[in-house]
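Participant: Mind having a look at this structure? Questions to follow.
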Amino acid sequence: MTNPQPRERLAGTPVPLLTYTLTPTPDPLQVKGQDGQLTITVTNDTDEVVSCGLIAFTLPVGSGADALTGNPDSVQLTAPKNWRLRQPEPGKGRFEAAPTRPKAKQISPGAESALVFTLTHIAVDDVVGTCAIGVEEDTASPPAATSLSVTKVLPGLTFTDFRPVAVAVPRGTPATLEWKATAPTEGQASYTLEYGTVAPFSVDDALSWVSPALYEDTEFILTLHAAQGSTPVEHRLTTTVTVTEPDLHAHDLRVTGTAQWINPPQVVLSGPVATRRTCTAETDGIISGWIYTEADQSPATLIVRVEPTQGAPKYTTSVQSSTDPGVDKRTWKYIFVPVPKGSKVDITTECYTPEQMNTLVTWHPLGKGRLNSVR
């Protein structure tokens with residue numbers, strides 16, 4: 001995945017108002033005269049319309065690790081509607097984009113107003129390395145400026161498609177990551193993976209990896225370490241896995257009213273099973289749960305009956321998941337039941353074909369105490 005480049009303040013220049021995302025093809029670019037392409041997407045991520053009459057992209061021309069091409073005149077240019085992209089001076093790596101209609105310089109917020117510029121047929125230099133594509137915009141005086149990094153590696157090196165098998169996983173379960181990469185070559189290419197507070201570790205012998213259990217949204221960084229002689233280069237791919245019902249981290253938390261701490265949850269019932277379980281609550285708490293069925297004409301029911309102490313009224317909460325022929329499978333139903341301390345709780349799941357249903361019932365104690373099973 002290619003990420004938007006940060007808005008970096010270059011010495012003596014204002015920060016750009018627009019956001020620039022650079023996508024090279026192939027990713028990373030390959031040296032020794034290989035044909036390369038740069039797609040630069042310009043978006044307005046502010047809350048207001050931005051007026052911009054000129055955007056300039058500068059390719060580093062020459063030879064060496066920090067140069068992109070020795071022949072900028074070979075580059076072919078494509079601009080979006082109502083904009084033009086041109087090379088004002090032959091032999092130089094500066095390319096200027098300008099609106100062809102006055103209204104086009106008004107760039108509205110949102111992805112639908114994005115501008116996409118493409119530079120193709122770039123004859124990439126012979127030396128691996130990392131070079132900087134200069135960007136200027138006339139939204140300020142002097143013009144705002146930033147730079148976008150692009151990596152060059154040896155020909156034939158594949159490093160792409162880093163992604164999770166599932167973009168979201170339940171809390172406390174692992175994630176599987178996959179990617180495409182050329183087999184590592186000693187002294188020329190190796191791969192490391194890192195996430196959270198975990199230091200980078202080698203994944204040279206793998207094209208997939210299963211994480212430990214995740215409890216919060218996690219960004220993973222896969223890094224290619226390449227070299228040509230004594231010239232090293234690194235290229236990173238990132239991806240993120242979202243955790244449903246994640247752990248929350250609070251900083252400088254201040255309570256101005258009455259608050260109560262919820263202790264870690266306890267799984268009371270799970271899996272494809274039709275059963276009845278009777279429990280007692282050691283403290284006040286909340287029962288949450290879900291149930292679904294994949295069986296046609298065989299509903300699955302989750303029932304929670306609560307009998308408080310000291311003669312308080314009993315109450316029952318139930319939900320039913322059913323699937324009729326031709327209707328999408330996995331009709332999920334959810335339940336949420338408050339339980340006073342000392343209550344007797346009956347939890348029942350019913351289904352004619354339990355092997356085709358599934359459920360999860362969880363106890364969330366508001367104090368210190370479990371939901372103890374009696375039978």
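How things are named: the first chain in the structure tokens is A, the next is B, and so on; residues count from 1 in each chain; ligands count from 1 in the order shown.
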DSSP on the backbone: which residues in segment 110-312 of chain A end up as strand (DSSP E or B)? Give the answer as JSON, numbers by chain.
Facilitator: {"A": [115, 116, 117, 118, 119, 120, 121, 122, 123, 124, 129, 130, 131, 132, 133, 134, 135, 136, 137, 144, 145, 146, 147, 148, 149, 150, 151, 152, 153, 159, 160, 161, 162, 163, 164, 168, 169, 170, 173, 176, 177, 178, 179, 180, 181, 189, 190, 191, 192, 193, 194, 195, 198, 199, 200, 201, 202, 208, 209, 210, 214, 218, 219, 220, 221, 222, 223, 224, 225, 226, 227, 228, 231, 232, 233, 234, 235, 236, 237, 238, 239, 240, 241, 242, 243, 244, 266, 267, 268, 269, 270, 276, 277, 278, 279, 280, 281, 285, 286, 287, 288, 289, 290, 291, 292, 293, 296, 300, 301, 302, 303, 304, 305, 306, 307]}
Participant: Tell me which protein, DNA and RNA residues are within 6 Å of segment 210-215 of chain A, counting only C-alpha atoms, leaving out same-chain ones fewer than 3 positions away, and put them as JSON, numbers by chain.
Facilitator: {"A": [171, 172, 173, 174, 175, 176, 246, 247]}
Participant: For the selection just defined, write its residues with C-alpha atoms to a file, as a PDB file, in the first residue's frame.
Facilitator:
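What follows is the written file selection24.pdb:
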```
ATOM      1  CA  ARG A 171     -10.717  -8.914  19.694  1.00  0.00           C
ATOM      2  CA  GLY A 172      -8.207 -11.495  20.956  1.00  0.00           C
ATOM      3  CA  THR A 173      -7.728 -13.288  17.620  1.00  0.00           C
ATOM      4  CA  PRO A 174      -4.710 -13.283  15.271  1.00  0.00           C
ATOM      5  CA  ALA A 175      -4.460 -11.752  11.812  1.00  0.00           C
ATOM      6  CA  THR A 176      -2.924 -13.360   8.730  1.00  0.00           C
ATOM      7  CA  PRO A 246     -10.724  -3.221  20.778  1.00  0.00           C
ATOM      8  CA  ASP A 247      -9.029  -2.444  24.054  1.00  0.00           C
TER       9      ASP A 247
END
```
Participant: Residues of segment 12-104 of chain A within 10 Å of segment 123-142 of chain A: nearest atom pair and distance (Å, one decimal) for each, counting only C-alpha atoms, sorted by chain and number, as a Markdown table?
Facilitator:
```
| residue | atom | partner | partner_atom | distance |
| --- | --- | --- | --- | --- |
| A:Gly12 | CA | A:Pro142 | CA | 8.7 |
| A:Thr13 | CA | A:Pro142 | CA | 6.6 |
| A:Pro14 | CA | A:Ala140 | CA | 6.9 |
| A:Val15 | CA | A:Ala140 | CA | 8.7 |
| A:Pro16 | CA | A:Glu137 | CA | 6.8 |
| A:Leu17 | CA | A:Thr139 | CA | 7.0 |
| A:Leu18 | CA | A:Glu137 | CA | 8.3 |
| A:Tyr20 | CA | A:Val135 | CA | 8.7 |
| A:Leu22 | CA | A:Ile133 | CA | 9.3 |
| A:Leu29 | CA | A:Val124 | CA | 7.6 |
| A:Gln30 | CA | A:Val124 | CA | 6.8 |
| A:Val31 | CA | A:Asp126 | CA | 4.8 |
| A:Lys32 | CA | A:Asp126 | CA | 4.0 |
| A:Gly33 | CA | A:Ala123 | CA | 4.8 |
| A:Gln34 | CA | A:Val124 | CA | 5.6 |
| A:Asp35 | CA | A:Ala123 | CA | 5.3 |
| A:Gly36 | CA | A:Val124 | CA | 6.4 |
| A:Gln37 | CA | A:Ala123 | CA | 9.2 |
| A:Val50 | CA | A:Thr139 | CA | 7.6 |
| A:Ser51 | CA | A:Thr139 | CA | 6.5 |
| A:Cys52 | CA | A:Thr139 | CA | 5.5 |
| A:Gly53 | CA | A:Asp138 | CA | 6.3 |
| A:Leu54 | CA | A:Asp138 | CA | 5.6 |
| A:Ile55 | CA | A:Glu137 | CA | 4.5 |
| A:Ala56 | CA | A:Glu136 | CA | 5.1 |
| A:Phe57 | CA | A:Val135 | CA | 4.8 |
| A:Thr58 | CA | A:Gly134 | CA | 4.7 |
| A:Leu59 | CA | A:Ile133 | CA | 5.3 |
| A:Pro60 | CA | A:Ile133 | CA | 6.7 |
| A:Val61 | CA | A:Asp125 | CA | 8.9 |
| A:Gly62 | CA | A:Asp125 | CA | 7.7 |
| A:Ser63 | CA | A:Asp125 | CA | 6.1 |
| A:Gly64 | CA | A:Val127 | CA | 5.4 |
| A:Ala65 | CA | A:Gly129 | CA | 4.2 |
| A:Asp66 | CA | A:Cys131 | CA | 4.3 |
| A:Ala67 | CA | A:Cys131 | CA | 5.9 |
| A:Leu68 | CA | A:Asp125 | CA | 5.5 |
| A:Thr69 | CA | A:Asp125 | CA | 4.8 |
| A:Gly70 | CA | A:Asp125 | CA | 6.3 |
| A:Asn71 | CA | A:Ala123 | CA | 6.6 |
| A:Pro72 | CA | A:Ala123 | CA | 7.9 |
| A:Asp73 | CA | A:Ala123 | CA | 9.6 |
| A:Ser74 | CA | A:Ala123 | CA | 7.2 |
| A:Val75 | CA | A:Ala123 | CA | 7.9 |
| A:Gly93 | CA | A:Ile133 | CA | 9.7 |
| A:Arg94 | CA | A:Gly134 | CA | 8.7 |
| A:Phe95 | CA | A:Val135 | CA | 9.7 |
| A:Glu96 | CA | A:Glu136 | CA | 9.2 |
| A:Ala97 | CA | A:Glu137 | CA | 9.5 |
```
Participant: May I have the selected residues written with N, CA and C atoms, as a short mmCIF file (atom, residue, chain, number, x, y, z; two decimals), in the first residue's frame?
Facilitator:
```
data_model
loop_
_atom_site.label_atom_id
_atom_site.label_comp_id
_atom_site.auth_asym_id
_atom_site.auth_seq_id
_atom_site.Cartn_x
_atom_site.Cartn_y
_atom_site.Cartn_z
N GLY A 12 12.53 27.45 4.86
CA GLY A 12 12.14 28.76 4.34
C GLY A 12 10.89 28.77 3.49
N THR A 13 10.11 27.68 3.49
CA THR A 13 8.92 27.63 2.66
C THR A 13 7.70 27.29 3.49
N PRO A 14 6.50 27.75 3.06
CA PRO A 14 5.26 27.38 3.76
C PRO A 14 4.92 25.91 3.52
N VAL A 15 4.08 25.37 4.38
CA VAL A 15 3.60 23.99 4.24
C VAL A 15 2.49 23.97 3.19
N PRO A 16 2.49 22.99 2.26
CA PRO A 16 1.42 22.92 1.25
C PRO A 16 0.05 22.75 1.89
N LEU A 17 -0.97 23.32 1.23
CA LEU A 17 -2.35 23.13 1.67
C LEU A 17 -2.94 21.85 1.10
N LEU A 18 -2.40 21.39 -0.04
CA LEU A 18 -2.89 20.19 -0.69
C LEU A 18 -2.08 18.97 -0.26
N TYR A 20 -0.41 15.21 -1.31
CA TYR A 20 0.13 14.55 -2.50
C TYR A 20 0.42 13.08 -2.19
N LEU A 22 1.96 9.65 -3.90
CA LEU A 22 2.80 9.17 -5.00
C LEU A 22 2.68 7.66 -5.12
N LEU A 29 10.37 1.23 -8.11
CA LEU A 29 10.93 1.37 -9.45
C LEU A 29 12.18 0.52 -9.60
N GLN A 30 12.52 0.17 -10.85
CA GLN A 30 13.68 -0.68 -11.12
C GLN A 30 14.69 0.08 -11.99
N VAL A 31 15.96 -0.11 -11.67
CA VAL A 31 17.03 0.66 -12.30
C VAL A 31 17.48 0.05 -13.62
N LYS A 32 18.56 0.64 -14.16
CA LYS A 32 19.20 0.21 -15.40
C LYS A 32 18.31 0.45 -16.62
N GLY A 33 17.75 1.68 -16.69
CA GLY A 33 17.00 2.08 -17.87
C GLY A 33 15.62 1.48 -17.98
N GLN A 34 15.16 0.80 -16.93
CA GLN A 34 13.81 0.23 -16.98
C GLN A 34 12.76 1.34 -17.05
N ASP A 35 11.65 1.03 -17.72
CA ASP A 35 10.58 2.02 -17.90
C ASP A 35 9.80 2.15 -16.59
N GLY A 36 9.67 3.38 -16.08
CA GLY A 36 8.95 3.62 -14.85
C GLY A 36 7.83 4.62 -15.03
N GLN A 37 6.91 4.60 -14.10
CA GLN A 37 5.77 5.52 -14.13
C GLN A 37 5.52 6.06 -12.73
N VAL A 50 -9.49 25.32 -1.83
CA VAL A 50 -8.12 25.82 -1.98
C VAL A 50 -7.95 26.33 -3.41
N SER A 51 -7.45 27.55 -3.54
CA SER A 51 -7.18 28.14 -4.85
C SER A 51 -5.72 27.89 -5.22
N CYS A 52 -5.51 27.17 -6.33
CA CYS A 52 -4.14 26.83 -6.75
C CYS A 52 -4.04 26.96 -8.26
N GLY A 53 -3.17 27.84 -8.72
CA GLY A 53 -3.00 28.08 -10.15
C GLY A 53 -1.80 27.41 -10.76
N LEU A 54 -0.93 26.80 -9.94
CA LEU A 54 0.27 26.15 -10.48
C LEU A 54 0.77 25.10 -9.49
N ILE A 55 1.04 23.90 -10.01
CA ILE A 55 1.70 22.84 -9.25
C ILE A 55 2.90 22.38 -10.07
N ALA A 56 4.06 22.30 -9.47
CA ALA A 56 5.26 21.89 -10.18
C ALA A 56 5.85 20.64 -9.54
N PHE A 57 6.24 19.69 -10.39
CA PHE A 57 6.92 18.46 -9.95
C PHE A 57 8.32 18.48 -10.55
N THR A 58 9.32 18.21 -9.71
CA THR A 58 10.70 18.23 -10.17
C THR A 58 11.35 16.88 -9.94
N LEU A 59 11.76 16.22 -11.04
CA LEU A 59 12.46 14.95 -10.96
C LEU A 59 13.95 15.21 -10.85
N PRO A 60 14.67 14.55 -9.93
CA PRO A 60 16.12 14.73 -9.84
C PRO A 60 16.82 14.11 -11.05
N VAL A 61 17.49 14.92 -11.83
CA VAL A 61 18.12 14.50 -13.07
C VAL A 61 19.60 14.24 -12.84
N GLY A 62 20.13 13.18 -13.45
CA GLY A 62 21.55 12.88 -13.35
C GLY A 62 21.78 11.40 -13.20
N SER A 63 22.86 11.06 -12.50
CA SER A 63 23.22 9.66 -12.28
C SER A 63 23.65 9.49 -10.84
N GLY A 64 23.19 8.41 -10.21
CA GLY A 64 23.56 8.16 -8.82
C GLY A 64 22.36 7.75 -8.00
N ALA A 65 22.61 7.45 -6.74
CA ALA A 65 21.56 6.93 -5.86
C ALA A 65 20.42 7.92 -5.67
N ASP A 66 20.73 9.22 -5.69
CA ASP A 66 19.69 10.23 -5.43
C ASP A 66 19.12 10.84 -6.71
N ALA A 67 19.45 10.27 -7.89
CA ALA A 67 18.90 10.75 -9.16
C ALA A 67 17.86 9.76 -9.67
N LEU A 68 16.85 10.26 -10.36
CA LEU A 68 15.80 9.38 -10.88
C LEU A 68 16.05 9.02 -12.34
N THR A 69 16.42 10.00 -13.14
CA THR A 69 16.59 9.75 -14.57
C THR A 69 17.65 10.67 -15.15
N GLY A 70 18.32 10.20 -16.20
CA GLY A 70 19.25 11.04 -16.93
C GLY A 70 18.65 11.61 -18.18
N ASN A 71 17.41 11.26 -18.48
CA ASN A 71 16.76 11.71 -19.71
C ASN A 71 15.33 12.16 -19.42
N PRO A 72 15.14 13.33 -18.85
CA PRO A 72 13.78 13.78 -18.54
C PRO A 72 12.93 14.05 -19.77
N ASP A 73 13.58 14.25 -20.93
CA ASP A 73 12.81 14.55 -22.14
C ASP A 73 12.02 13.34 -22.64
N SER A 74 12.33 12.14 -22.16
CA SER A 74 11.59 10.95 -22.59
C SER A 74 10.25 10.80 -21.87
N VAL A 75 10.05 11.60 -20.83
CA VAL A 75 8.85 11.44 -20.00
C VAL A 75 7.61 11.91 -20.76
N GLY A 93 14.26 18.61 -15.30
CA GLY A 93 13.28 17.69 -14.74
C GLY A 93 12.08 18.35 -14.13
N ARG A 94 11.84 19.62 -14.45
CA ARG A 94 10.70 20.34 -13.88
C ARG A 94 9.50 20.23 -14.80
N PHE A 95 8.34 19.84 -14.24
CA PHE A 95 7.10 19.71 -14.99
C PHE A 95 6.03 20.52 -14.26
N GLU A 96 5.34 21.38 -15.01
CA GLU A 96 4.41 22.32 -14.40
C GLU A 96 2.97 22.01 -14.82
N ALA A 97 2.09 21.97 -13.84
CA ALA A 97 0.66 21.75 -14.07
C ALA A 97 -0.09 23.04 -13.79
#
```
Participant: With only C-alpha atoms as the counted atoms, please give the residues lying no more than 10 Å from His235 of chain A, apart from itself and same-chain residues fewer than 5 positions off, as a ChimeraX atom specification.
Facilitator: /A:27-28,129-130,149-153,159,191,222-226
Participant: For Asp45 of chain A, please output as a compact mmCIF listing (two decimals) with C-alpha atoms, in the first residue's frame all residues within 9 Å (counting only C-alpha atoms; exclusion window: fewer than 5 positions along the same chain).
Facilitator:
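Generated output (result.txt):
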```
# COMPACT_ATOMS: atom_id res chain seq x y z
CA LEU A 17 -2.35 23.13 1.67
CA LEU A 18 -2.89 20.19 -0.69
CA THR A 19 -2.02 16.53 -0.05
CA SER A 108 -12.87 21.60 -3.39
CA PRO A 109 -12.41 19.33 -0.36
CA GLY A 110 -12.92 15.58 -0.81
CA ALA A 111 -11.73 12.71 -2.96
```
Participant: Give the answer as one residue: which of A:Thr182, A:Asn372, A:Thr100, A:Thr359 has the shortest atom-to-atom distance to Thr275 of chain A, using only C-alpha atoms?
Facilitator: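 For Thr275 of chain A, the nearest of the given residues is A:Thr359.
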Participant: Between A:Lys333, A:Arg163, A:Arg305, A:Lys105, which is the closest to Asn358 of chain A once you count only C-alpha atoms?
Facilitator: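 Closest residue, counting only C-alpha atoms: A:Lys333.
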Participant: Contacts of segment 164-167 of chain A at 8 Å or less, counting only C-alpha atoms, minus same-chain residues fewer than 6 places along, as an mmCIF file with N, CA and C atoms, in the first residue's frame?
Facilitator:
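Final output, out.cif:
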```cif
data_model
loop_
_atom_site.group_PDB
_atom_site.id
_atom_site.type_symbol
_atom_site.label_atom_id
_atom_site.label_comp_id
_atom_site.auth_asym_id
_atom_site.auth_seq_id
_atom_site.Cartn_x
_atom_site.Cartn_y
_atom_site.Cartn_z
ATOM 1 N N ALA A 175 -4.237 -12.183 13.191
ATOM 2 C CA ALA A 175 -4.460 -11.752 11.812
ATOM 3 C C ALA A 175 -3.429 -12.437 10.925
ATOM 4 N N THR A 176 -3.834 -12.761 9.707
ATOM 5 C CA THR A 176 -2.924 -13.360 8.730
ATOM 6 C C THR A 176 -2.586 -12.311 7.673
ATOM 7 N N LEU A 177 -1.300 -12.090 7.454
ATOM 8 C CA LEU A 177 -0.823 -11.129 6.461
ATOM 9 C C LEU A 177 -0.174 -11.879 5.304
ATOM 10 N N GLU A 178 -0.353 -11.371 4.091
ATOM 11 C CA GLU A 178 0.245 -11.977 2.904
ATOM 12 C C GLU A 178 0.899 -10.893 2.060
ATOM 13 N N THR A 239 0.227 -1.812 6.113
ATOM 14 C CA THR A 239 -1.172 -2.208 6.097
ATOM 15 C C THR A 239 -1.683 -2.193 7.529
ATOM 16 N N THR A 240 -2.982 -2.088 7.687
ATOM 17 C CA THR A 240 -3.587 -1.984 9.018
ATOM 18 C C THR A 240 -4.694 -3.010 9.171
ATOM 19 N N VAL A 241 -4.731 -3.638 10.344
ATOM 20 C CA VAL A 241 -5.804 -4.562 10.697
ATOM 21 C C VAL A 241 -6.655 -3.903 11.784
ATOM 22 N N THR A 242 -7.955 -3.862 11.562
ATOM 23 C CA THR A 242 -8.901 -3.296 12.527
ATOM 24 C C THR A 242 -9.405 -4.401 13.448
#
```
